[in-house]
>>> print(open('work-v3.cif').read())   # mmCIF, C-alpha atoms
data_entry
#
loop_
_atom_site.group_PDB
_atom_site.id
_atom_site.type_symbol
_atom_site.label_atom_id
_atom_site.label_comp_id
_atom_site.auth_asym_id
_atom_site.auth_seq_id
_atom_site.Cartn_x
_atom_site.Cartn_y
_atom_site.Cartn_z
ATOM 1 C CA MET A 1 0.000 0.000 0.000
ATOM 2 C CA LEU A 2 2.746 2.447 0.911
ATOM 3 C CA THR A 3 4.442 2.077 -2.469
ATOM 4 C CA ASN A 4 1.585 4.128 -3.850
ATOM 5 C CA PRO A 5 0.422 7.081 -1.732
ATOM 6 C CA GLU A 6 -2.559 7.407 -4.044
ATOM 7 C CA THR A 7 -3.758 4.041 -2.739
ATOM 8 C CA LEU A 8 -3.472 5.275 0.843
ATOM 9 C CA GLU A 9 -5.310 8.500 -0.035
ATOM 10 C CA ARG A 10 -8.103 6.512 -1.659
ATOM 11 C CA SER A 11 -8.372 4.335 1.437
ATOM 12 C CA LEU A 12 -8.498 7.403 3.701
ATOM 13 C CA TYR A 13 -11.131 8.974 1.456
ATOM 14 C CA ARG A 14 -13.352 5.881 1.588
ATOM 15 C CA THR A 15 -13.330 5.844 5.394
ATOM 16 C CA ARG A 16 -14.014 9.568 5.853
ATOM 17 C CA LEU A 17 -17.729 8.998 6.534
ATOM 18 C CA ASP A 18 -17.446 5.792 8.555
ATOM 19 C CA ASP A 19 -18.596 7.535 11.732
ATOM 20 C CA GLY A 20 -22.278 6.836 10.967
ATOM 21 C CA LEU A 21 -23.636 10.381 10.860
ATOM 22 C CA LEU A 22 -24.383 10.064 7.135
ATOM 23 C CA ASP A 23 -26.289 6.838 7.829
ATOM 24 C CA LEU A 24 -28.352 8.630 10.468
ATOM 25 C CA PHE A 25 -29.168 11.424 8.040
ATOM 26 C CA VAL A 26 -30.133 9.010 5.268
ATOM 27 C CA GLY A 27 -32.222 6.971 7.709
ATOM 28 C CA VAL A 28 -34.086 10.025 8.972
ATOM 29 C CA ALA A 29 -34.609 11.275 5.418
ATOM 30 C CA VAL A 30 -36.002 8.014 4.025
ATOM 31 C CA THR A 31 -38.076 7.338 7.150
ATOM 32 C CA GLY A 32 -39.448 10.879 6.906
ATOM 33 C CA ILE A 33 -40.339 10.400 3.259
ATOM 34 C CA GLY A 34 -42.128 7.164 4.164
ATOM 35 C CA LEU A 35 -44.044 8.766 7.031
ATOM 36 C CA GLY A 36 -44.955 11.682 4.798
ATOM 37 C CA TRP A 37 -46.258 9.298 2.182
ATOM 38 C CA LEU A 38 -48.430 7.600 4.784
ATOM 39 C CA SER A 39 -49.828 10.958 5.882
ATOM 40 C CA PRO A 40 -52.803 12.665 4.219
ATOM 41 C CA VAL A 41 -50.393 14.834 2.206
ATOM 42 C CA ALA A 42 -48.051 12.369 0.511
ATOM 43 C CA THR A 43 -45.674 14.980 -0.830
ATOM 44 C CA LEU A 44 -44.982 16.228 2.718
ATOM 45 C CA GLY A 45 -42.182 13.699 2.924
ATOM 46 C CA ALA A 46 -40.292 15.542 0.214
ATOM 47 C CA LEU A 47 -39.658 18.350 2.715
ATOM 48 C CA VAL A 48 -37.579 16.153 5.021
ATOM 49 C CA PRO A 49 -34.311 15.825 3.041
ATOM 50 C CA PRO A 50 -33.876 19.542 2.279
ATOM 51 C CA LEU A 51 -34.708 20.376 5.920
ATOM 52 C CA LEU A 52 -31.892 18.081 7.059
ATOM 53 C CA ILE A 53 -29.169 19.477 4.826
ATOM 54 C CA PRO A 54 -28.430 22.630 6.890
ATOM 55 C CA PHE A 55 -27.744 20.477 9.939
ATOM 56 C CA TRP A 56 -25.014 18.386 8.284
ATOM 57 C CA GLY A 57 -22.090 20.798 8.684
ATOM 58 C CA PRO A 58 -22.850 21.957 12.246
ATOM 59 C CA LEU A 59 -23.426 18.409 13.484
ATOM 60 C CA ARG A 60 -20.180 17.153 11.934
ATOM 61 C CA ARG A 61 -18.258 20.015 13.491
ATOM 62 C CA ARG A 62 -19.940 19.506 16.868
ATOM 63 C CA TRP A 63 -19.961 15.708 17.177
ATOM 64 C CA VAL A 64 -17.564 14.180 14.645
ATOM 65 C CA GLU A 65 -14.575 16.452 14.093
ATOM 66 C CA PRO A 66 -13.548 16.751 17.755
ATOM 67 C CA ARG A 67 -13.314 12.933 17.813
ATOM 68 C CA ALA A 68 -12.306 11.934 14.287
ATOM 69 C CA GLY A 69 -10.326 15.022 13.453
ATOM 70 C CA LEU A 70 -10.389 17.213 10.399
ATOM 71 C CA VAL A 71 -9.029 16.208 7.009
ATOM 72 C CA ARG A 72 -9.078 18.154 3.765
ATOM 73 C CA PHE A 73 -8.466 16.147 0.645
ATOM 74 C CA SER A 74 -7.013 17.519 -2.560
ATOM 75 C CA GLU A 75 -8.861 20.251 -4.404
ATOM 76 C CA ASP A 76 -9.549 17.881 -7.294
ATOM 77 C CA ARG A 77 -11.041 15.344 -4.910
ATOM 78 C CA GLU A 78 -13.189 17.920 -3.123
ATOM 79 C CA ARG A 79 -14.334 19.452 -6.398
ATOM 80 C CA SER A 80 -15.480 16.084 -7.743
ATOM 81 C CA GLU A 81 -17.175 15.355 -4.417
ATOM 82 C CA ARG A 82 -19.109 18.622 -4.594
ATOM 83 C CA LEU A 83 -20.193 17.772 -8.121
ATOM 84 C CA GLY A 84 -21.200 14.328 -6.906
ATOM 85 C CA TYR A 85 -23.301 15.774 -4.076
ATOM 86 C CA GLY A 86 -24.943 18.174 -6.509
ATOM 87 C CA ALA A 87 -25.732 15.364 -8.899
ATOM 88 C CA LEU A 88 -27.153 13.265 -6.069
ATOM 89 C CA VAL A 89 -29.415 16.090 -4.929
ATOM 90 C CA GLY A 90 -30.625 16.450 -8.486
ATOM 91 C CA VAL A 91 -31.146 12.708 -8.842
ATOM 92 C CA GLY A 92 -32.936 12.608 -5.496
ATOM 93 C CA ILE A 93 -35.325 15.392 -6.409
ATOM 94 C CA GLY A 94 -35.912 13.962 -9.863
ATOM 95 C CA THR A 95 -36.408 10.470 -8.482
ATOM 96 C CA PHE A 96 -38.929 11.564 -5.911
ATOM 97 C CA ALA A 97 -40.840 13.718 -8.387
ATOM 98 C CA LEU A 98 -40.908 10.828 -10.850
ATOM 99 C CA ALA A 99 -42.112 8.427 -8.172
ATOM 100 C CA VAL A 100 -44.943 10.716 -7.051
ATOM 101 C CA ALA A 101 -45.988 11.532 -10.589
ATOM 102 C CA THR A 102 -45.943 7.902 -11.693
ATOM 103 C CA TYR A 103 -47.876 6.714 -8.691
ATOM 104 C CA PHE A 104 -50.650 9.255 -9.022
ATOM 105 C CA TRP A 105 -50.734 8.840 -12.785
ATOM 106 C CA THR A 106 -51.327 5.094 -12.513
ATOM 107 C CA VAL A 107 -53.939 5.578 -9.819
ATOM 108 C CA SER A 108 -55.883 8.100 -11.871
ATOM 109 C CA VAL A 109 -55.396 6.499 -15.306
ATOM 110 C CA GLY A 110 -56.153 2.891 -16.085
ATOM 111 C CA THR A 111 -53.058 0.741 -16.681
ATOM 112 C CA SER A 112 -52.248 -2.949 -16.859
ATOM 113 C CA GLU A 113 -52.810 -4.994 -13.732
ATOM 114 C CA VAL A 114 -49.135 -5.995 -13.571
ATOM 115 C CA PHE A 115 -48.011 -2.397 -13.675
ATOM 116 C CA ARG A 116 -50.562 -1.363 -11.054
ATOM 117 C CA THR A 117 -49.258 -4.150 -8.820
ATOM 118 C CA LEU A 118 -45.649 -2.949 -9.139
ATOM 119 C CA VAL A 119 -46.319 0.780 -8.842
ATOM 120 C CA PRO A 120 -46.551 0.920 -5.013
ATOM 121 C CA ALA A 121 -42.967 -0.385 -4.900
ATOM 122 C CA LEU A 122 -41.763 2.150 -7.451
ATOM 123 C CA PRO A 123 -40.873 4.925 -4.964
ATOM 124 C CA SER A 124 -38.690 2.590 -2.900
ATOM 125 C CA PHE A 125 -37.093 1.165 -6.062
ATOM 126 C CA LEU A 126 -36.263 4.655 -7.278
ATOM 127 C CA VAL A 127 -34.872 5.716 -3.894
ATOM 128 C CA ALA A 128 -32.837 2.493 -3.963
ATOM 129 C CA LEU A 129 -31.509 3.495 -7.373
ATOM 130 C CA ALA A 130 -30.475 6.862 -5.952
ATOM 131 C CA GLY A 131 -28.827 5.031 -3.050
ATOM 132 C CA GLY A 132 -26.909 2.823 -5.426
ATOM 133 C CA LEU A 133 -25.704 5.845 -7.358
ATOM 134 C CA ALA A 134 -24.681 7.503 -4.102
ATOM 135 C CA ALA A 135 -22.677 4.399 -3.177
ATOM 136 C CA ALA A 136 -20.766 4.684 -6.447
ATOM 137 C CA VAL A 137 -20.346 8.464 -6.460
ATOM 138 C CA LEU A 138 -19.298 8.769 -2.807
ATOM 139 C CA ALA A 139 -17.344 5.490 -2.779
ATOM 140 C CA ILE A 140 -19.326 4.212 0.237
ATOM 141 C CA PRO A 141 -20.292 0.566 -0.448
ATOM 142 C CA ARG A 142 -22.658 0.219 2.507
ATOM 143 C CA LEU A 143 -25.051 2.689 0.824
ATOM 144 C CA GLY A 144 -25.456 -0.008 -1.808
ATOM 145 C CA LEU A 145 -26.509 -2.450 0.926
ATOM 146 C CA TYR A 146 -29.089 0.026 2.158
ATOM 147 C CA ALA A 147 -30.347 0.303 -1.426
ATOM 148 C CA LEU A 148 -30.740 -3.481 -1.533
ATOM 149 C CA ALA A 149 -32.776 -3.325 1.688
ATOM 150 C CA LEU A 150 -35.112 -0.831 0.033
ATOM 151 C CA VAL A 151 -35.476 -3.130 -2.963
ATOM 152 C CA GLY A 152 -36.321 -5.974 -0.593
ATOM 153 C CA PHE A 153 -38.959 -3.919 1.159
ATOM 154 C CA GLY A 154 -40.289 -2.888 -2.243
ATOM 155 C CA GLY A 155 -40.672 -6.553 -3.138
ATOM 156 C CA LEU A 156 -42.552 -7.177 0.116
ATOM 157 C CA THR A 157 -44.821 -4.280 -0.732
ATOM 158 C CA VAL A 158 -45.758 -5.943 -4.024
ATOM 159 C CA LEU A 159 -46.346 -9.313 -2.347
ATOM 160 C CA LEU A 160 -48.444 -7.897 0.466
ATOM 161 C CA GLY A 161 -50.223 -5.211 -1.558
ATOM 162 C CA LEU A 162 -49.106 -2.369 0.710
ATOM 163 C CA GLU A 163 -49.031 1.390 0.128
ATOM 164 C CA PRO A 164 -45.790 3.031 -1.116
ATOM 165 C CA GLY A 165 -45.009 4.633 2.221
ATOM 166 C CA TRP A 166 -44.429 1.302 3.986
ATOM 167 C CA PRO A 167 -41.294 0.126 2.119
ATOM 168 C CA LEU A 168 -39.793 3.578 2.511
ATOM 169 C CA LEU A 169 -40.590 3.514 6.221
ATOM 170 C CA GLY A 170 -39.203 0.008 6.586
ATOM 171 C CA GLY A 171 -36.043 0.717 4.618
ATOM 172 C CA GLY A 172 -35.563 4.035 6.372
ATOM 173 C CA LEU A 173 -35.812 2.399 9.787
ATOM 174 C CA VAL A 174 -33.222 -0.209 8.785
ATOM 175 C CA VAL A 175 -30.792 2.546 7.802
ATOM 176 C CA LEU A 176 -31.648 4.540 10.923
ATOM 177 C CA ILE A 177 -30.959 1.584 13.206
ATOM 178 C CA ALA A 178 -27.741 0.702 11.404
ATOM 179 C CA GLY A 179 -26.653 4.334 11.555
ATOM 180 C CA SER A 180 -27.480 4.587 15.257
ATOM 181 C CA ILE A 181 -25.373 1.545 16.039
ATOM 182 C CA ARG A 182 -22.468 2.788 13.917
ATOM 183 C CA PHE A 183 -22.602 6.303 15.351
ATOM 184 C CA SER A 184 -22.887 5.171 18.964
ATOM 185 C CA ARG A 185 -19.862 2.889 18.474
ATOM 186 C CA PHE A 186 -17.974 5.795 16.945
ATOM 187 C CA LEU A 187 -18.775 8.003 19.938
ATOM 188 C CA ARG A 188 -17.769 5.243 22.353
ATOM 189 C CA ASP A 189 -14.488 4.385 20.586
ATOM 190 C CA ASN A 190 -13.404 7.982 19.951
ATOM 191 C CA PRO A 191 -13.571 10.024 23.148
ATOM 192 C CA ILE A 192 -12.658 13.675 22.905
ATOM 193 C CA GLU A 193 -9.093 14.142 24.090
ATOM 194 C CA LYS A 194 -7.042 17.197 24.861
ATOM 195 C CA THR A 195 -4.516 17.937 22.128
ATOM 196 C CA PRO A 196 -1.135 19.579 22.696
ATOM 197 C CA MET B 1 39.881 -9.650 -4.134
ATOM 198 C CA THR B 2 36.216 -8.643 -4.388
ATOM 199 C CA ALA B 3 35.187 -4.960 -4.240
ATOM 200 C CA PRO B 4 33.797 -3.791 -0.870
ATOM 201 C CA LEU B 5 30.023 -3.790 -0.728
ATOM 202 C CA ASP B 6 28.637 -0.289 -1.390
ATOM 203 C CA LEU B 7 26.019 0.357 1.255
ATOM 204 C CA SER B 8 26.015 4.124 0.782
ATOM 205 C CA ALA B 9 22.541 4.046 -0.800
ATOM 206 C CA ILE B 10 21.195 2.448 2.373
ATOM 207 C CA LEU B 11 23.216 4.629 4.749
ATOM 208 C CA ASP B 12 22.297 7.808 2.862
ATOM 209 C CA VAL B 13 18.522 7.262 3.012
ATOM 210 C CA ASP B 14 16.668 10.237 4.469
ATOM 211 C CA ARG B 15 16.567 9.377 8.171
ATOM 212 C CA VAL B 16 14.037 12.071 8.954
ATOM 213 C CA ILE B 17 11.507 10.218 6.839
ATOM 214 C CA HIS B 18 12.920 6.727 7.351
ATOM 215 C CA GLU B 19 11.511 6.342 10.845
ATOM 216 C CA PRO B 20 8.253 4.349 11.089
ATOM 217 C CA ALA B 21 6.169 6.948 12.902
ATOM 218 C CA ARG B 22 7.368 9.847 10.765
ATOM 219 C CA LEU B 23 6.965 7.719 7.654
ATOM 220 C CA ALA B 24 3.319 7.075 8.593
ATOM 221 C CA VAL B 25 2.744 10.802 9.057
ATOM 222 C CA MET B 26 4.419 11.722 5.776
ATOM 223 C CA ALA B 27 2.575 9.009 3.831
ATOM 224 C CA THR B 28 -0.730 10.234 5.236
ATOM 225 C CA LEU B 29 -0.072 13.907 4.541
ATOM 226 C CA TYR B 30 1.341 13.241 1.059
ATOM 227 C CA GLY B 31 -2.024 12.444 -0.510
ATOM 228 C CA ILE B 32 -4.169 15.047 1.241
ATOM 229 C CA ARG B 33 -4.257 18.829 1.515
ATOM 230 C CA GLU B 34 -4.084 19.030 5.301
ATOM 231 C CA ALA B 35 -5.225 17.271 8.459
ATOM 232 C CA ASP B 36 -5.437 18.207 12.090
ATOM 233 C CA PHE B 37 -3.598 16.611 14.994
ATOM 234 C CA VAL B 38 -6.602 14.537 16.073
ATOM 235 C CA TYR B 39 -6.973 13.002 12.610
ATOM 236 C CA LEU B 40 -3.281 12.172 12.335
ATOM 237 C CA ARG B 41 -3.281 10.602 15.793
ATOM 238 C CA ARG B 42 -6.273 8.453 14.897
ATOM 239 C CA VAL B 43 -4.880 7.352 11.525
ATOM 240 C CA THR B 44 -1.334 6.632 12.735
ATOM 241 C CA GLY B 45 -2.267 5.219 16.152
ATOM 242 C CA LEU B 46 0.524 7.175 17.814
ATOM 243 C CA THR B 47 0.192 8.643 21.286
ATOM 244 C CA ALA B 48 -0.301 12.400 21.490
ATOM 245 C CA GLY B 49 3.161 13.006 22.903
ATOM 246 C CA ASN B 50 4.825 10.742 20.357
ATOM 247 C CA LEU B 51 3.035 12.349 17.439
ATOM 248 C CA SER B 52 3.802 15.837 18.686
ATOM 249 C CA SER B 53 7.482 14.983 18.949
ATOM 250 C CA HIS B 54 7.640 13.548 15.428
ATOM 251 C CA LEU B 55 5.712 16.475 13.939
ATOM 252 C CA SER B 56 8.207 18.844 15.529
ATOM 253 C CA ARG B 57 11.066 16.876 13.976
ATOM 254 C CA LEU B 58 9.391 16.995 10.555
ATOM 255 C CA GLU B 59 8.674 20.698 10.926
ATOM 256 C CA THR B 60 12.298 21.389 11.857
ATOM 257 C CA ALA B 61 13.371 19.551 8.704
ATOM 258 C CA GLY B 62 10.995 21.723 6.669
ATOM 259 C CA TYR B 63 8.878 18.778 5.553
ATOM 260 C CA VAL B 64 5.676 19.630 7.419
ATOM 261 C CA ALA B 65 4.024 22.944 8.265
ATOM 262 C CA GLN B 66 1.912 23.264 11.393
ATOM 263 C CA THR B 67 -0.721 25.953 11.895
ATOM 264 C CA LYS B 68 -2.384 26.463 15.251
ATOM 265 C CA ARG B 69 -5.843 27.972 15.360
ATOM 266 C CA PHE B 70 -9.170 27.673 17.162
ATOM 267 C CA ALA B 71 -12.162 25.695 15.857
ATOM 268 C CA GLY B 72 -14.785 27.470 17.904
ATOM 269 C CA LYS B 73 -13.434 27.234 21.428
ATOM 270 C CA ARG B 74 -11.346 24.168 20.676
ATOM 271 C CA PRO B 75 -7.618 24.554 19.878
ATOM 272 C CA GLN B 76 -6.697 22.893 16.619
ATOM 273 C CA THR B 77 -3.343 22.160 14.998
ATOM 274 C CA LEU B 78 -3.466 21.774 11.230
ATOM 275 C CA CYS B 79 -0.618 19.931 9.493
ATOM 276 C CA ALA B 80 0.293 19.943 5.827
ATOM 277 C CA ILE B 81 3.218 18.559 3.868
ATOM 278 C CA THR B 82 5.435 21.278 2.380
ATOM 279 C CA PRO B 83 6.771 21.252 -1.193
ATOM 280 C CA ALA B 84 10.179 20.357 0.245
ATOM 281 C CA GLY B 85 8.561 17.522 2.171
ATOM 282 C CA ARG B 86 6.851 16.265 -0.945
ATOM 283 C CA THR B 87 10.141 16.291 -2.836
ATOM 284 C CA ALA B 88 11.895 14.548 0.043
ATOM 285 C CA PHE B 89 9.201 11.858 0.218
ATOM 286 C CA ASP B 90 9.448 11.264 -3.527
ATOM 287 C CA GLY B 91 13.208 10.977 -3.144
ATOM 288 C CA TRP B 92 12.836 8.530 -0.273
ATOM 289 C CA ARG B 93 10.472 6.352 -2.314
ATOM 290 C CA THR B 94 12.868 6.339 -5.267
ATOM 291 C CA ALA B 95 15.853 5.517 -3.068
ATOM 292 C CA LEU B 96 14.002 2.705 -1.328
ATOM 293 C CA SER B 97 12.851 1.235 -4.661
ATOM 294 C CA GLU B 98 16.408 1.174 -5.897
ATOM 295 C CA ILE B 99 17.671 -0.409 -2.680
ATOM 296 C CA VAL B 100 15.022 -3.113 -2.770
ATOM 297 C CA GLU B 101 15.610 -3.900 -6.443
ATOM 298 C CA ARG B 102 19.384 -4.312 -6.109
#
>>> encode(input="work-v3.cif", output="structure tokens")
Amino acid sequence: MLTNPETLERSLYRTRLDDGLLDLFVGVAVTGIGLGWLSPVATLGALVPPLLIPFWGPLRRRWVEPRAGLVRFSEDRERSERLGYGALVGVGIGTFALAVATYFWTVSVGTSEVFRTLVPALPSFLVALAGGLAAAVLAIPRLGLYALALVGFGGLTVLLGLEPGWPLLGGGLVVLIAGSIRFSRFLRDNPIEKTP
Amino acid sequence: MTAPLDLSAILDVDRVIHEPARLAVMATLYGIREADFVYLRRVTGLTAGNLSSHLSRLETAGYVAQTKRFAGKRPQTLCAITPAGRTAFDGWRTALSEIVER
């Protein structure tokens, strides 16, 4: 590994968000979208992710950086990460809008029985797609596992004939629990110490 | 009579870098823009006193620059590899490759 510092940098970059705070945010966001979908105003859930974004920086500075430290990667790396985040926000908004539009379109317009059966799972499948893209863009493989969980819950939705909010709620809770465990371990294993 | 073995390449290796703890610090800083003391301590696994001592040695050699500031109310020491440090690390890598290949 040491023969190539680029390999070490890549390894450091991949572990930069291992503290679990991102998992908590994703879990709250997806759970919130699911709860919103189950509420009388389905699109209410779309408000949750943008409401969370302003808290990201302050919470990282308050809870993570005193324990994990601060690292700034190269300008190229940070520039591509910013582009990646921007693309993910765009994909997320587009995905959610597509999911809502498709769902209400199929409810209001007659379509094939097969399609109507699959449509309730469509929002969770699309959020899973966004999660898979995030895993690739941010180089965080466990986001891909969360995406698979959402696909699984989407499949259950089809089998059980549930509403679209339930797979999002189920998948969101899985991510929230996983994130809580990861973050609590991070807090336990990284006490704040005085630095010289 | 055979020629004496030339070990100058080994003896001349940069000893500031060629120390395990300092090597870990330099390798970490080489690929990033900067990191604070807490991050370096976590990545290298060194004790605070040990890391501080090695950073001072690297700073004296001109390989690392340290900047002290406050992050809110918390004191923070930011460390970055200098251009001279980057050149020295590249030189160390080249020298070590040649030594290993001989």
>>> closest_residue(input="work-v3.cif", among="A:Ala130, A:Leu148, A:Leu8, A:Leu22", to="A:Ala87", atoms="only C-alpha atoms")
A:Ala130
>>> interface_residues(input="work-v3.cif", of="chain B", to="chain A", cutoff="8 Å", atoms="only C-alpha atoms", output="number ranges by chain")
B: 27-28, 30-40, 42, 48-49, 52, 75-76, 93
>>> resolve_selection(input="work-v3.cif", expression="the PyMOL selection byres ((chain A and resi 168-173) around 8)", output="number ranges by chain")
A: 26-35, 123-124, 146, 149-150, 153, 164-167, 174-177
>>> resolve_selection(input="work-v3.cif", expression="the PyMOL selection byres ((chain A and resi 93-107) around 8)", output="PyMOL selection string")
chain A and resi 43+46+89-92+108-111+116+119-120+122-123+126-127+130
>>> atom_distance(input="work-v3.cif", atom1="atom CA of B:Leu46", atom2="atom CA of A:Leu21")
25.3 Å
>>> atom_distance(input="work-v3.cif", atom1="atom CA of A:Phe186", atom2="atom CA of A:Gly20")
7.4 Å
>>> closest_residue(input="work-v3.cif", among="A:Gly144, A:Val48, A:Gly179, A:Gly36", to="A:Ala128", atoms="all atoms listed in the file")
A:Gly144
>>> closest_residue(input="work-v3.cif", among="A:Trp37, A:Ser80, A:Arg182, A:Val64", to="A:Arg142", atoms="only C-alpha atoms")
A:Arg182
>>> resolve_selection(input="work-v3.cif", expression="the PyMOL selection byres ((chain B and resi 86) around 10)", output="PyMOL selection string")
chain B and resi 26-27+29-31+63-64+81-85+87-92
>>> atom_distance(input="work-v3.cif", atom1="atom CA of A:Leu52", atom2="atom CA of A:Arg188")
24.5 Å
>>> build_atoms(input="work-v3.cif", residues="stretch 24-32 of chain A", atoms="all heavy atoms", output="PDB file, keeping the file's coordinate frame")
ATOM      1  N   LEU A  24     -27.239   8.070   9.696  1.00  0.00           N
ATOM      2  CA  LEU A  24     -28.352   8.630  10.468  1.00  0.00           C
ATOM      3  C   LEU A  24     -29.173   9.594   9.612  1.00  0.00           C
ATOM      4  O   LEU A  24     -30.403   9.561   9.622  1.00  0.00           O
ATOM      5  CB  LEU A  24     -27.829   9.361  11.708  1.00  0.00           C
ATOM      6  CG  LEU A  24     -27.387   8.503  12.889  1.00  0.00           C
ATOM      7  CD1 LEU A  24     -26.807   9.362  13.999  1.00  0.00           C
ATOM      8  CD2 LEU A  24     -28.553   7.680  13.424  1.00  0.00           C
ATOM      9  N   PHE A  25     -28.471  10.452   8.880  1.00  0.00           N
ATOM     10  CA  PHE A  25     -29.168  11.424   8.040  1.00  0.00           C
ATOM     11  C   PHE A  25     -30.002  10.724   6.978  1.00  0.00           C
ATOM     12  O   PHE A  25     -31.159  11.073   6.737  1.00  0.00           O
ATOM     13  CB  PHE A  25     -28.149  12.368   7.373  1.00  0.00           C
ATOM     14  CG  PHE A  25     -27.929  13.644   8.135  1.00  0.00           C
ATOM     15  CD1 PHE A  25     -27.401  13.622   9.420  1.00  0.00           C
ATOM     16  CD2 PHE A  25     -28.253  14.853   7.585  1.00  0.00           C
ATOM     17  CE1 PHE A  25     -27.204  14.799  10.131  1.00  0.00           C
ATOM     18  CE2 PHE A  25     -28.049  16.046   8.281  1.00  0.00           C
ATOM     19  CZ  PHE A  25     -27.523  16.010   9.553  1.00  0.00           C
ATOM     20  N   VAL A  26     -29.411   9.742   6.313  1.00  0.00           N
ATOM     21  CA  VAL A  26     -30.133   9.010   5.268  1.00  0.00           C
ATOM     22  C   VAL A  26     -31.334   8.290   5.877  1.00  0.00           C
ATOM     23  O   VAL A  26     -32.431   8.289   5.316  1.00  0.00           O
ATOM     24  CB  VAL A  26     -29.195   8.015   4.558  1.00  0.00           C
ATOM     25  CG1 VAL A  26     -29.986   7.095   3.638  1.00  0.00           C
ATOM     26  CG2 VAL A  26     -28.142   8.766   3.755  1.00  0.00           C
ATOM     27  N   GLY A  27     -31.133   7.684   7.047  1.00  0.00           N
ATOM     28  CA  GLY A  27     -32.222   6.971   7.709  1.00  0.00           C
ATOM     29  C   GLY A  27     -33.369   7.896   8.063  1.00  0.00           C
ATOM     30  O   GLY A  27     -34.541   7.581   7.827  1.00  0.00           O
ATOM     31  N   VAL A  28     -33.043   9.059   8.620  1.00  0.00           N
ATOM     32  CA  VAL A  28     -34.086  10.025   8.972  1.00  0.00           C
ATOM     33  C   VAL A  28     -34.794  10.509   7.712  1.00  0.00           C
ATOM     34  O   VAL A  28     -36.022  10.626   7.674  1.00  0.00           O
ATOM     35  CB  VAL A  28     -33.484  11.214   9.756  1.00  0.00           C
ATOM     36  CG1 VAL A  28     -34.495  12.332   9.899  1.00  0.00           C
ATOM     37  CG2 VAL A  28     -33.019  10.761  11.130  1.00  0.00           C
ATOM     38  N   ALA A  29     -34.024  10.765   6.657  1.00  0.00           N
ATOM     39  CA  ALA A  29     -34.609  11.275   5.418  1.00  0.00           C
ATOM     40  C   ALA A  29     -35.590  10.265   4.811  1.00  0.00           C
ATOM     41  O   ALA A  29     -36.725  10.613   4.483  1.00  0.00           O
ATOM     42  CB  ALA A  29     -33.503  11.599   4.412  1.00  0.00           C
ATOM     43  N   VAL A  30     -35.152   9.023   4.670  1.00  0.00           N
ATOM     44  CA  VAL A  30     -36.002   8.014   4.025  1.00  0.00           C
ATOM     45  C   VAL A  30     -37.198   7.678   4.915  1.00  0.00           C
ATOM     46  O   VAL A  30     -38.321   7.518   4.431  1.00  0.00           O
ATOM     47  CB  VAL A  30     -35.185   6.751   3.686  1.00  0.00           C
ATOM     48  CG1 VAL A  30     -36.077   5.684   3.068  1.00  0.00           C
ATOM     49  CG2 VAL A  30     -34.060   7.101   2.719  1.00  0.00           C
ATOM     50  N   THR A  31     -36.958   7.583   6.221  1.00  0.00           N
ATOM     51  CA  THR A  31     -38.076   7.338   7.150  1.00  0.00           C
ATOM     52  C   THR A  31     -39.081   8.488   7.070  1.00  0.00           C
ATOM     53  O   THR A  31     -40.301   8.263   7.061  1.00  0.00           O
ATOM     54  CB  THR A  31     -37.554   7.205   8.594  1.00  0.00           C
ATOM     55  OG1 THR A  31     -36.610   6.139   8.655  1.00  0.00           O
ATOM     56  CG2 THR A  31     -38.700   6.917   9.558  1.00  0.00           C
ATOM     57  N   GLY A  32     -38.567   9.711   7.006  1.00  0.00           N
ATOM     58  CA  GLY A  32     -39.448  10.879   6.906  1.00  0.00           C
ATOM     59  C   GLY A  32     -40.257  10.878   5.623  1.00  0.00           C
ATOM     60  O   GLY A  32     -41.453  11.203   5.628  1.00  0.00           O
TER      61      GLY A  32
END
